[in-house]
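Printed here is my_file_32.pdb (PDB, C-alpha atoms):
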```pdb
ATOM      1  CA  MET M1222     -22.773  14.897   2.881
ATOM      2  CA  GLN M1223     -23.854  13.172  -0.299
ATOM      3  CA  LEU M1224     -22.555   9.655  -0.967
ATOM      4  CA  ASN M1225     -21.892   8.110  -4.363
ATOM      5  CA  TYR M1226     -19.780   5.156  -5.469
ATOM      6  CA  ARG M1227     -18.467   3.450  -8.593
ATOM      7  CA  ILE M1228     -17.092   0.015  -9.411
ATOM      8  CA  HIS M1229     -14.350  -0.342 -12.017
ATOM      9  CA  THR M1230     -12.188  -3.086 -13.467
ATOM     10  CA  LEU M1231      -8.609  -1.909 -13.836
ATOM     11  CA  GLN M1232      -6.576  -3.535 -16.612
ATOM     12  CA  LEU M1233      -2.962  -4.329 -15.662
ATOM     13  CA  GLU M1234      -0.111  -3.668 -18.082
ATOM     14  CA  HIS M1235       1.307  -7.151 -17.397
ATOM     15  CA  PRO M1236       0.105 -10.202 -15.441
ATOM     16  CA  PHE M1237       0.844  -9.542 -11.772
ATOM     17  CA  GLY M1238       2.031 -12.655  -9.994
ATOM     18  CA  ILE M1239       2.828 -13.241  -6.325
ATOM     19  CA  SER M1240       3.368 -16.496  -4.441
ATOM     20  CA  ARG M1241      -0.399 -17.035  -4.015
ATOM     21  CA  GLU M1242      -1.880 -16.027  -7.364
ATOM     22  CA  THR M1243      -1.549 -14.167 -10.654
ATOM     23  CA  ILE M1244      -4.028 -11.541 -11.822
ATOM     24  CA  THR M1245      -4.486  -9.605 -15.072
ATOM     25  CA  THR M1246      -7.255  -7.282 -13.864
ATOM     26  CA  GLN M1247      -8.056  -5.613 -10.567
ATOM     27  CA  ARG M1248     -11.587  -4.706  -9.558
ATOM     28  CA  THR M1249     -11.765  -1.562  -7.475
ATOM     29  CA  PHE M1250     -14.384   0.287  -5.442
ATOM     30  CA  LEU M1251     -14.479   4.090  -5.538
ATOM     31  CA  VAL M1252     -16.317   6.159  -2.930
ATOM     32  CA  GLN M1253     -17.273   9.806  -3.515
ATOM     33  CA  LEU M1254     -18.320  12.125  -0.693
ATOM     34  CA  SER M1255     -19.643  15.593  -1.561
ATOM     35  CA  GLN M1256     -20.366  18.576   0.650
ATOM     36  CA  ASP M1257     -20.595  22.345   0.117
ATOM     37  CA  GLY M1258     -19.647  22.094  -3.560
ATOM     38  CA  HIS M1259     -16.578  19.890  -3.031
ATOM     39  CA  THR M1260     -16.062  16.159  -3.635
ATOM     40  CA  GLY M1261     -13.527  13.797  -2.080
ATOM     41  CA  TYR M1262     -12.514  10.427  -3.532
ATOM     42  CA  GLY M1263     -11.482   7.168  -1.900
ATOM     43  CA  GLU M1264     -10.598   3.702  -3.171
ATOM     44  CA  ALA M1265     -10.286   0.084  -2.053
ATOM     45  CA  THR M1266      -9.458  -2.823  -4.323
ATOM     46  CA  GLU M1267     -10.907  -6.306  -4.215
ATOM     47  CA  ASN M1268      -8.675  -8.898  -2.514
ATOM     48  CA  LYS M1269      -9.055 -12.673  -2.486
ATOM     49  CA  TYR M1270      -6.549 -13.234   0.360
ATOM     50  CA  TYR M1271      -8.578 -11.015   2.710
ATOM     51  CA  HIS M1272     -11.929 -12.252   1.329
ATOM     52  CA  ILE M1273     -12.891  -8.798   0.059
ATOM     53  CA  THR M1274     -15.221  -8.358  -2.927
ATOM     54  CA  VAL M1275     -16.628  -5.215  -4.482
ATOM     55  CA  GLU M1276     -20.105  -6.710  -4.096
ATOM     56  CA  GLY M1277     -19.564  -7.066  -0.358
ATOM     57  CA  MET M1278     -18.379  -3.478  -0.081
ATOM     58  CA  GLU M1279     -21.321  -2.258  -2.136
ATOM     59  CA  GLU M1280     -23.867  -4.113   0.005
ATOM     60  CA  ARG M1281     -22.468  -2.722   3.266
ATOM     61  CA  LEU M1282     -22.123   0.805   1.910
ATOM     62  CA  LEU M1283     -25.765   0.870   0.840
ATOM     63  CA  GLN M1284     -26.744  -0.172   4.376
ATOM     64  CA  LEU M1285     -24.832   2.848   5.691
ATOM     65  CA  LYS M1286     -25.906   5.353   3.055
ATOM     66  CA  GLU M1287     -28.527   7.110   5.164
ATOM     67  CA  LYS M1288     -26.174   7.360   8.146
ATOM     68  CA  ILE M1289     -23.380   8.767   5.970
ATOM     69  CA  ASN M1290     -25.617  11.261   4.191
ATOM     70  CA  ALA M1291     -26.826  12.565   7.555
ATOM     71  CA  TYR M1292     -23.282  13.506   8.623
ATOM     72  CA  HIS M1293     -21.806  16.993   8.216
ATOM     73  CA  LEU M1294     -18.059  16.624   7.787
ATOM     74  CA  GLU M1295     -15.650  18.891   9.609
ATOM     75  CA  ASN M1296     -12.935  16.420  10.561
ATOM     76  CA  ALA M1297     -12.200  13.093   8.828
ATOM     77  CA  ALA M1298     -10.873  11.479  12.003
ATOM     78  CA  SER M1299     -14.157  12.153  13.813
ATOM     79  CA  PHE M1300     -16.075  10.708  10.863
ATOM     80  CA  TRP M1301     -13.911   7.567  11.019
ATOM     81  CA  GLU M1302     -14.933   7.124  14.664
ATOM     82  CA  TYR M1303     -18.565   7.762  13.712
ATOM     83  CA  LEU M1304     -18.504   4.665  11.468
ATOM     84  CA  LYS M1305     -16.074   2.527  13.475
ATOM     85  CA  GLN M1306     -18.557   0.102  15.014
ATOM     86  CA  ASP M1307     -20.372  -0.355  11.708
ATOM     87  CA  LEU M1308     -17.203  -1.314   9.850
ATOM     88  CA  LEU M1309     -15.108  -3.334  12.295
ATOM     89  CA  ASP M1310     -15.252  -6.312   9.925
ATOM     90  CA  MET M1311     -14.904  -4.246   6.716
ATOM     91  CA  PRO M1312     -11.604  -2.337   6.869
ATOM     92  CA  PHE M1313     -11.275  -2.142   3.072
ATOM     93  CA  LEU M1314     -14.595  -0.335   2.754
ATOM     94  CA  HIS M1315     -13.787   1.813   5.779
ATOM     95  CA  CYS M1316     -10.569   2.773   3.983
ATOM     96  CA  ALA M1317     -12.378   3.903   0.841
ATOM     97  CA  ILE M1318     -14.815   5.979   2.913
ATOM     98  CA  ASP M1319     -12.110   7.452   5.141
ATOM     99  CA  MET M1320      -9.878   8.299   2.176
ATOM    100  CA  ALA M1321     -12.772  10.125   0.516
ATOM    101  CA  ALA M1322     -13.504  11.956   3.778
ATOM    102  CA  THR M1323      -9.833  12.895   4.244
ATOM    103  CA  ASP M1324      -9.663  14.152   0.667
ATOM    104  CA  LEU M1325     -12.895  16.087   1.180
ATOM    105  CA  GLU M1326     -11.618  17.674   4.407
ATOM    106  CA  GLY M1327      -8.554  18.928   2.560
ATOM    107  CA  ARG M1328     -10.696  20.358  -0.229
ATOM    108  CA  LEU M1329     -13.056  22.058   2.216
ATOM    109  CA  LYS M1330     -10.083  23.632   3.997
ATOM    110  CA  GLY M1331      -8.213  24.423   0.776
ATOM    111  CA  ALA M1332      -5.023  22.555   1.655
ATOM    112  CA  PRO M1333      -3.311  19.268   0.748
ATOM    113  CA  VAL M1334      -3.723  16.535   3.330
ATOM    114  CA  TYR M1335      -0.032  16.323   4.200
ATOM    115  CA  ARG M1336      -0.144  20.012   5.151
ATOM    116  CA  LEU M1337      -3.217  19.468   7.348
ATOM    117  CA  TRP M1338      -1.091  16.890   9.152
ATOM    118  CA  GLY M1339       1.737  19.383   9.634
ATOM    119  CA  LEU M1340       4.035  17.672   7.138
ATOM    120  CA  ASP M1341       6.356  19.125   4.511
ATOM    121  CA  ILE M1342       7.187  17.546   1.125
ATOM    122  CA  GLU M1343      10.087  19.885   0.367
ATOM    123  CA  GLY M1344      12.676  17.760   2.165
ATOM    124  CA  PRO M1345      14.053  14.361   1.080
ATOM    125  CA  LEU M1346      11.311  11.809   0.419
ATOM    126  CA  PRO M1347      11.724   8.049   0.021
ATOM    127  CA  ILE M1348      11.662   6.908  -3.615
ATOM    128  CA  SER M1349       9.002   4.370  -4.561
ATOM    129  CA  ASN M1350      10.124   1.019  -5.855
ATOM    130  CA  TYR M1351       8.767  -0.455  -9.080
ATOM    131  CA  THR M1352       7.510  -4.022  -8.673
ATOM    132  CA  ILE M1353       8.680  -6.923 -10.814
ATOM    133  CA  ALA M1354       5.888  -9.446 -10.343
ATOM    134  CA  LEU M1355       6.490 -13.178 -10.228
ATOM    135  CA  ASP M1356       6.683 -14.820 -13.660
ATOM    136  CA  ASP M1357       9.036 -16.868 -15.814
ATOM    137  CA  ILE M1358      12.554 -15.564 -15.271
ATOM    138  CA  ASP M1359      12.901 -14.374 -18.863
ATOM    139  CA  LYS M1360       9.620 -12.466 -18.603
ATOM    140  CA  MET M1361      10.704 -10.903 -15.323
ATOM    141  CA  LYS M1362      13.898  -9.747 -17.026
ATOM    142  CA  GLU M1363      11.857  -8.285 -19.885
ATOM    143  CA  LYS M1364       9.668  -6.341 -17.450
ATOM    144  CA  LEU M1365      12.719  -4.929 -15.694
ATOM    145  CA  LEU M1366      14.390  -3.853 -18.935
ATOM    146  CA  GLU M1367      11.123  -2.313 -20.137
ATOM    147  CA  LYS M1368      10.920  -0.081 -17.041
ATOM    148  CA  PRO M1369      14.284   1.424 -16.051
ATOM    149  CA  TRP M1370      13.910   2.400 -12.393
ATOM    150  CA  PRO M1371      16.325   3.276  -9.593
ATOM    151  CA  LEU M1372      14.782   0.776  -7.157
ATOM    152  CA  TYR M1373      12.891  -2.478  -7.671
ATOM    153  CA  LYS M1374      10.728  -4.724  -5.532
ATOM    154  CA  VAL M1375      10.989  -8.337  -6.695
ATOM    155  CA  LYS M1376       8.154 -10.721  -5.914
ATOM    156  CA  LEU M1377       9.394 -14.169  -4.852
ATOM    157  CA  GLY M1378       7.987 -17.347  -3.316
ATOM    158  CA  THR M1379       9.251 -20.184  -5.545
ATOM    159  CA  LYS M1380      11.933 -22.871  -5.385
ATOM    160  CA  HIS M1381      14.026 -20.737  -7.747
ATOM    161  CA  ASP M1382      14.084 -17.447  -5.839
ATOM    162  CA  ILE M1383      17.849 -17.062  -5.643
ATOM    163  CA  GLU M1384      18.138 -17.844  -9.354
ATOM    164  CA  ILE M1385      15.541 -15.154 -10.086
ATOM    165  CA  VAL M1386      17.416 -12.488  -8.140
ATOM    166  CA  ARG M1387      20.777 -13.510  -9.635
ATOM    167  CA  SER M1388      19.310 -13.257 -13.146
ATOM    168  CA  LEU M1389      17.841  -9.808 -12.500
ATOM    169  CA  ARG M1390      20.999  -8.595 -10.809
ATOM    170  CA  ALA M1391      22.936  -9.467 -13.973
ATOM    171  CA  ILE M1392      21.044  -6.799 -15.933
ATOM    172  CA  THR M1393      20.778  -3.898 -13.453
ATOM    173  CA  ASP M1394      22.721  -2.241 -10.658
ATOM    174  CA  SER M1395      19.562  -0.820  -9.054
ATOM    175  CA  PRO M1396      18.931  -1.917  -5.455
ATOM    176  CA  PHE M1397      16.333  -4.634  -4.861
ATOM    177  CA  ARG M1398      13.759  -5.310  -2.204
ATOM    178  CA  VAL M1399      12.212  -8.763  -2.129
ATOM    179  CA  ASP M1400       8.744  -9.861  -1.044
ATOM    180  CA  ALA M1401       8.070 -13.553  -0.473
ATOM    181  CA  ASN M1402       4.405 -12.972   0.473
ATOM    182  CA  ALA M1403       4.653 -15.464   3.346
ATOM    183  CA  ALA M1404       5.972 -18.353   1.198
ATOM    184  CA  TRP M1405       9.238 -19.233   2.979
ATOM    185  CA  THR M1406      10.140 -21.293   6.026
ATOM    186  CA  ALA M1407      12.329 -19.980   8.833
ATOM    187  CA  ARG M1408      15.383 -21.832   7.531
ATOM    188  CA  GLU M1409      14.807 -20.635   3.971
ATOM    189  CA  THR M1410      14.518 -17.059   5.189
ATOM    190  CA  ILE M1411      17.758 -17.185   7.164
ATOM    191  CA  GLU M1412      19.748 -18.883   4.398
ATOM    192  CA  ASN M1413      18.251 -16.766   1.621
ATOM    193  CA  SER M1414      19.002 -13.572   3.538
ATOM    194  CA  LYS M1415      22.749 -14.268   3.420
ATOM    195  CA  VAL M1416      22.813 -14.720  -0.345
ATOM    196  CA  LEU M1417      20.376 -11.894  -1.035
ATOM    197  CA  LYS M1418      22.462  -9.447   0.960
ATOM    198  CA  GLU M1419      25.389 -10.169  -1.361
ATOM    199  CA  LEU M1420      23.071  -9.574  -4.330
ATOM    200  CA  GLY M1421      22.233  -6.005  -3.329
ATOM    201  CA  VAL M1422      18.887  -6.606  -1.614
ATOM    202  CA  GLN M1423      17.834  -3.972   0.945
ATOM    203  CA  PHE M1424      15.293  -5.958   2.948
ATOM    204  CA  ILE M1425      12.933  -8.935   2.939
ATOM    205  CA  GLU M1426       9.204  -8.290   3.168
ATOM    206  CA  GLN M1427       6.945 -10.833   4.893
ATOM    207  CA  PRO M1428       9.069 -13.964   4.363
ATOM    208  CA  MET M1429       6.858 -16.287   6.422
ATOM    209  CA  PRO M1430       3.156 -16.862   7.203
ATOM    210  CA  ALA M1431       1.478 -14.098   9.182
ATOM    211  CA  ASP M1432       0.958 -16.285  12.256
ATOM    212  CA  ALA M1433       4.565 -17.544  12.518
ATOM    213  CA  TRP M1434       5.343 -15.268  15.468
ATOM    214  CA  GLU M1435       7.543 -17.674  17.443
ATOM    215  CA  GLU M1436       9.640 -18.628  14.426
ATOM    216  CA  MET M1437      10.054 -14.979  13.508
ATOM    217  CA  GLU M1438      11.969 -14.401  16.749
ATOM    218  CA  GLU M1439      14.680 -16.818  15.580
ATOM    219  CA  VAL M1440      14.631 -15.417  12.044
ATOM    220  CA  TYR M1441      14.957 -11.872  13.412
ATOM    221  CA  ARG M1442      18.069 -12.874  15.369
ATOM    222  CA  GLN M1443      19.742 -14.665  12.461
ATOM    223  CA  SER M1444      18.654 -12.813   9.315
ATOM    224  CA  ALA M1445      21.398 -10.991   7.434
ATOM    225  CA  LEU M1446      18.823  -8.499   6.152
ATOM    226  CA  PRO M1447      16.117  -6.328   7.750
ATOM    227  CA  LEU M1448      12.644  -7.864   7.828
ATOM    228  CA  ILE M1449       9.471  -5.898   7.083
ATOM    229  CA  ALA M1450       6.039  -7.117   8.209
ATOM    230  CA  ASP M1451       3.120  -6.927   5.788
ATOM    231  CA  GLU M1452       0.506  -9.665   6.171
ATOM    232  CA  ALA M1453       1.579  -9.968   9.833
ATOM    233  CA  CYS M1454       0.762  -6.326  10.552
ATOM    234  CA  ARG M1455      -2.777  -5.392   9.631
ATOM    235  CA  THR M1456      -3.912  -3.045  12.382
ATOM    236  CA  PHE M1457      -2.638  -0.966  15.301
ATOM    237  CA  ASP M1458      -2.904  -3.957  17.645
ATOM    238  CA  ASP M1459      -0.300  -5.876  15.623
ATOM    239  CA  ILE M1460       2.455  -3.283  15.886
ATOM    240  CA  GLU M1461       3.833  -4.002  19.351
ATOM    241  CA  ARG M1462       4.386  -7.703  18.731
ATOM    242  CA  CYS M1463       6.346  -6.882  15.585
ATOM    243  CA  VAL M1464       9.069  -5.480  17.859
ATOM    244  CA  GLY M1465      11.822  -8.099  18.141
ATOM    245  CA  ARG M1466      10.401 -10.028  15.199
ATOM    246  CA  PHE M1467      10.552  -7.473  12.388
ATOM    247  CA  HIS M1468      12.654  -4.396  11.785
ATOM    248  CA  GLY M1469       9.769  -2.477  10.281
ATOM    249  CA  ILE M1470       6.153  -2.587   9.127
ATOM    250  CA  ASN M1471       4.466  -2.076   5.776
ATOM    251  CA  VAL M1472       1.153  -0.332   6.423
ATOM    252  CA  LYS M1473      -1.525  -0.921   3.804
ATOM    253  CA  LEU M1474      -4.310   1.647   4.014
ATOM    254  CA  VAL M1475      -6.996  -0.910   3.186
ATOM    255  CA  LYS M1476      -5.865  -3.320   5.899
ATOM    256  CA  ALA M1477      -5.637  -0.532   8.458
ATOM    257  CA  GLY M1478      -9.112   0.743   7.619
ATOM    258  CA  GLY M1479      -8.115   4.051   6.075
ATOM    259  CA  MET M1480      -5.735   6.981   6.218
ATOM    260  CA  THR M1481      -6.813   7.968   9.726
ATOM    261  CA  PRO M1482      -5.796   4.690  11.454
ATOM    262  CA  ALA M1483      -2.795   4.219   9.137
ATOM    263  CA  ARG M1484      -1.337   7.507  10.348
ATOM    264  CA  LYS M1485      -1.720   6.363  13.956
ATOM    265  CA  MET M1486       0.017   3.084  13.095
ATOM    266  CA  ILE M1487       2.962   4.859  11.485
ATOM    267  CA  LEU M1488       3.421   7.244  14.398
ATOM    268  CA  GLU M1489       3.294   4.343  16.870
ATOM    269  CA  ALA M1490       5.786   2.300  14.854
ATOM    270  CA  ARG M1491       8.197   5.242  14.800
ATOM    271  CA  ARG M1492       7.793   5.631  18.561
ATOM    272  CA  LEU M1493       8.713   1.954  19.035
ATOM    273  CA  GLY M1494      11.793   2.250  16.826
ATOM    274  CA  LEU M1495      10.378   0.322  13.863
ATOM    275  CA  GLN M1496      11.048   1.404  10.300
ATOM    276  CA  THR M1497       7.971   2.581   8.437
ATOM    277  CA  MET M1498       6.657   1.824   4.982
ATOM    278  CA  VAL M1499       3.342   2.295   3.216
ATOM    279  CA  GLY M1500       2.460  -0.059   0.378
ATOM    280  CA  CYS M1501      -0.281  -0.329  -2.196
ATOM    281  CA  MET M1502      -2.689  -2.934  -3.571
ATOM    282  CA  THR M1503      -2.596  -2.119  -7.292
ATOM    283  CA  GLU M1504      -4.867   0.882  -6.872
ATOM    284  CA  SER M1505      -5.436   3.658  -9.352
ATOM    285  CA  SER M1506      -4.107   7.161  -8.744
ATOM    286  CA  VAL M1507      -7.015   7.690  -6.336
ATOM    287  CA  GLY M1508      -5.499   5.296  -3.811
ATOM    288  CA  ILE M1509      -1.890   6.099  -4.675
ATOM    289  CA  SER M1510      -2.443   9.806  -4.073
ATOM    290  CA  GLY M1511      -3.663   8.876  -0.597
ATOM    291  CA  VAL M1512      -0.521   6.806  -0.024
ATOM    292  CA  CYS M1513       1.714   9.710  -1.047
ATOM    293  CA  GLN M1514       0.383  11.998   1.689
ATOM    294  CA  PHE M1515       2.392   9.859   4.159
ATOM    295  CA  LEU M1516       5.760  10.241   2.412
ATOM    296  CA  PRO M1517       7.436  12.562   4.961
ATOM    297  CA  LEU M1518       6.745   9.969   7.696
ATOM    298  CA  LEU M1519       8.245   6.996   5.853
ATOM    299  CA  ASP M1520      11.543   5.177   5.490
ATOM    300  CA  TYR M1521      10.279   3.214   2.470
ATOM    301  CA  VAL M1522       7.322   3.358   0.120
ATOM    302  CA  ASP M1523       5.743   1.093  -2.479
ATOM    303  CA  ALA M1524       3.515   3.459  -4.465
ATOM    304  CA  ASP M1525       3.706   1.994  -7.970
ATOM    305  CA  GLY M1526       0.120   0.713  -8.222
ATOM    306  CA  ALA M1527      -1.068   3.173 -10.855
ATOM    307  CA  ILE M1528       2.126   2.705 -12.893
ATOM    308  CA  LEU M1529       1.298  -0.998 -13.205
ATOM    309  CA  LEU M1530      -2.036  -0.236 -14.890
ATOM    310  CA  LYS M1531      -2.626  -0.261 -18.628
ATOM    311  CA  GLU M1532      -4.838   2.799 -18.194
ATOM    312  CA  ASP M1533      -5.402   4.897 -15.082
ATOM    313  CA  ILE M1534      -8.839   6.235 -14.149
ATOM    314  CA  ALA M1535      -7.615   9.326 -12.340
ATOM    315  CA  LYS M1536      -4.870  11.903 -12.109
ATOM    316  CA  GLY M1537      -3.233  12.811  -8.836
ATOM    317  CA  VAL M1538       0.204  12.592  -7.295
ATOM    318  CA  GLU M1539       2.510  11.342 -10.037
ATOM    319  CA  VAL M1540       5.107   8.766  -9.011
ATOM    320  CA  LEU M1541       8.347   9.289 -10.927
ATOM    321  CA  PRO M1542      11.629   7.350 -10.999
ATOM    322  CA  LYS M1543      13.375   9.916  -8.824
ATOM    323  CA  GLY M1544      10.551  11.568  -6.943
ATOM    324  CA  TYR M1545       6.979  12.825  -7.179
ATOM    325  CA  ARG M1546       4.910  15.498  -8.837
ATOM    326  CA  PHE M1547       2.212  16.823  -6.510
ATOM    327  CA  PRO M1548      -0.656  18.602  -8.286
ATOM    328  CA  ASP M1549      -1.832  22.022  -7.220
ATOM    329  CA  VAL M1550      -5.093  20.548  -5.943
ATOM    330  CA  PRO M1551      -6.153  20.415  -2.280
ATOM    331  CA  GLY M1552      -6.940  17.221  -0.406
ATOM    332  CA  ASN M1553      -5.191  14.185  -1.872
ATOM    333  CA  GLY M1554      -4.902  15.982  -5.218
ATOM    334  CA  VAL M1555      -7.181  13.652  -7.204
ATOM    335  CA  ARG M1556      -9.124  14.334 -10.406
ATOM    336  CA  LEU M1557     -11.188  11.518 -11.948
ATOM    337  CA  MET M1558     -10.855  10.945 -15.697
ATOM    338  CA  ILE M1559     -13.967   8.778 -16.053
TER     339      ILE M1559
END
```

Rewrite the coordinates I just gave you, this time as structure tokens.
Amino acid sequence: MQLNYRIHTLQLEHPFGISRETITTQRTFLVQLSQDGHTGYGEATENKYYHITVEGMEERLLQLKEKINAYHLENAASFWEYLKQDLLDMPFLHCAIDMAATDLEGRLKGAPVYRLWGLDIEGPLPISNYTIALDDIDKMKEKLLEKPWPLYKVKLGTKHDIEIVRSLRAITDSPFRVDANAAWTARETIENSKVLKELGVQFIEQPMPADAWEEMEEVYRQSALPLIADEACRTFDDIERCVGRFHGINVKLVKAGGMTPARKMILEARRLGLQTMVGCMTESSVGISGVCQFLPLLDYVDADGAILLKEDIAKGVEVLPKGYRFPDVPGNGVRLMI
């Protein structure tokens, strides 16, 4: 194969706030793998919480360039194993490489990735939410009114969370999901769940810190709403202990280390009776198109990353209010516009 990469700064349409921080731009790392006249694309964004920088990804990738270029791709899963020991501490970079390899495999075989996995997109697919990031309540209301959508995720993690949801509920009948990004206590989660259920909230995502496993047992028993693990479920090894503490898991491709391990996580979660979700990290359509290959396996999806951008850098699977538009392009369906 031939390896190339690019670094880009994505401009967000609006400031994107969660309980930990607010950003206006998102730096992202694109990996390109070429073989036999075809090119696959993968992406991983920078992330302060997980101590990931594009410079760190670039440095490690350059160390692996010769090893990657020496590989002849036939199967992306085998290539993931080929690099596993080199990238145990760099799952975000492994994700970008694996996504590019998965895309390339589909292009080499002339089929979309979901079809290589034996999946069908003709049946009912879960609709993606649109995220209302944390901000002043009036600004959050403006963002919601600006983007009519059948389903919203509302970022929370303040002392005014119930007030926020009440204010948004007053201007839309669309269902809500809420994400506290680990900002609540056990008691707050239990009490908030009762009120939020009455306000048309579907579930609570990661209400408490990722290491609050013992407290989550009590919260699981007393919560009026389903609980979905995000920060608490990074890799395959985290799935089993989510049973009895969460009702489902939100798999992020970058945390998992790519599409290959994410698929294994989803299948294992389904086997254990957990609900499944794949989320995003404000990626461009490169990353979002990778996310959308999993749709037939999911109960929920958060695939709005590219919609939150002021300007996308690629075209791929288009996320629409009531569904998706898959391009007639093999692999993940991505075309760069830069």

Answer key for the PyMOL selection byres ((chain M and resi 1540-1545) around 6), residues as JSON, numbers by chain: {"M": [1348, 1370, 1539, 1546]}

Long-range neighbours of M:Asn1402 as a count of residues only, 9 Å cut-off, only C-alpha atoms, 6 positions minimum in chain: 13

Starting from the PyMOL selection byres ((chain M and resi 1362-1364) around 8), expand the selection into actual residues of this file and give them as a short mmCIF file (atom, residue, chain, number, x, y, z; two decimals) with C-alpha atoms, keeping the file's coordinate frame.
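result_2.cif, freshly written:
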```cif
data_model
loop_
_atom_site.label_atom_id
_atom_site.label_comp_id
_atom_site.auth_asym_id
_atom_site.auth_seq_id
_atom_site.Cartn_x
_atom_site.Cartn_y
_atom_site.Cartn_z
CA ILE M 1353 8.68 -6.92 -10.81
CA ILE M 1358 12.55 -15.56 -15.27
CA ASP M 1359 12.90 -14.37 -18.86
CA LYS M 1360 9.62 -12.47 -18.60
CA MET M 1361 10.70 -10.90 -15.32
CA LEU M 1365 12.72 -4.93 -15.69
CA LEU M 1366 14.39 -3.85 -18.93
CA GLU M 1367 11.12 -2.31 -20.14
CA LYS M 1368 10.92 -0.08 -17.04
CA SER M 1388 19.31 -13.26 -13.15
CA LEU M 1389 17.84 -9.81 -12.50
CA ILE M 1392 21.04 -6.80 -15.93
#
```

d(atom CA of M:Gly1339, atom CA of M:His1468) in Å: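 Separation of atom CA of M:Gly1339 and atom CA of M:His1468: 26.3 Å.
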
Quick one: what's the axis-aligned box for stretch 1292-1306 of chain M, all listed atoms, 3 Å on every side, centre and edges in Å to one decimal, as AutoDock Vina command-line options?
```
--center_x -17.1 --center_y 9.5 --center_z 11.4 --size_x 18.4 --size_y 24.8 --size_z 13.2
```

For atom CA of M:Thr1245 and atom CA of M:Asp1523, the interatomic separation in Å (one decimal): 19.4 Å

Residue nearest M:Ile1244 - candidates M:Ala1354, M:Val1375, M:Leu1314, M:Ala1433, atoms counted: only C-alpha atoms: M:Ala1354

Within-9 Å shell of (5.1, -11.8, 23.1) in input frame, all atoms listed in the file, as an MDAnalysis selection string: chainID M and resid 1434:1435 1461:1462

Considering only C-alpha atoms, tabulate each residue of stretch 1247-1297 of chain M that lies at most 9 Å from stretch 1231-1238 of chain M along with its nearest interatomic pair and the corresponding distance in Å to one decimal; arrange the rows by chain and ascending residue number and present them as JSON lines.
```
{"residue": "M:Gln1247", "atom": "CA", "partner": "M:Leu1231", "partner_atom": "CA", "distance": 5.0}
{"residue": "M:Arg1248", "atom": "CA", "partner": "M:Leu1231", "partner_atom": "CA", "distance": 5.9}
{"residue": "M:Thr1249", "atom": "CA", "partner": "M:Leu1231", "partner_atom": "CA", "distance": 7.1}
```

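Every protein, DNA or RNA residue with an atom at most 12 Å from M:Lys1330, where all atoms listed in the file count and chain neighbours fewer than 5 positions away do not, is listed here: Gln1256, Asp1257, His1259, Leu1294, Glu1295, Asn1296, Ala1297, Thr1323, Asp1324, Leu1325, Arg1336, Leu1337, Val1550, Pro1551 and Gly1552 of chain M.
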
Spatial neighbours of M:Gly1479, max dist 9 Å, only C-alpha atoms, sep filter under 2 positions, as a PyMOL selection string: chain M and resi 1301+1312-1320+1473-1477+1481-1484

Residue with smallest distance to M:Asn1413 - pool M:Arg1387, M:Arg1455, M:Arg1227, M:Arg1466, counting only C-alpha atoms: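 Smallest separation from M:Asn1413 among the options: M:Arg1387.
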
Result set of the PyMOL selection byres ((chain M and resi 1489) around 12) on the coordinates above, as a ChimeraX atom specification: /M:1456-1461,1463-1464,1469-1470,1472,1482-1488,1490-1497,1518
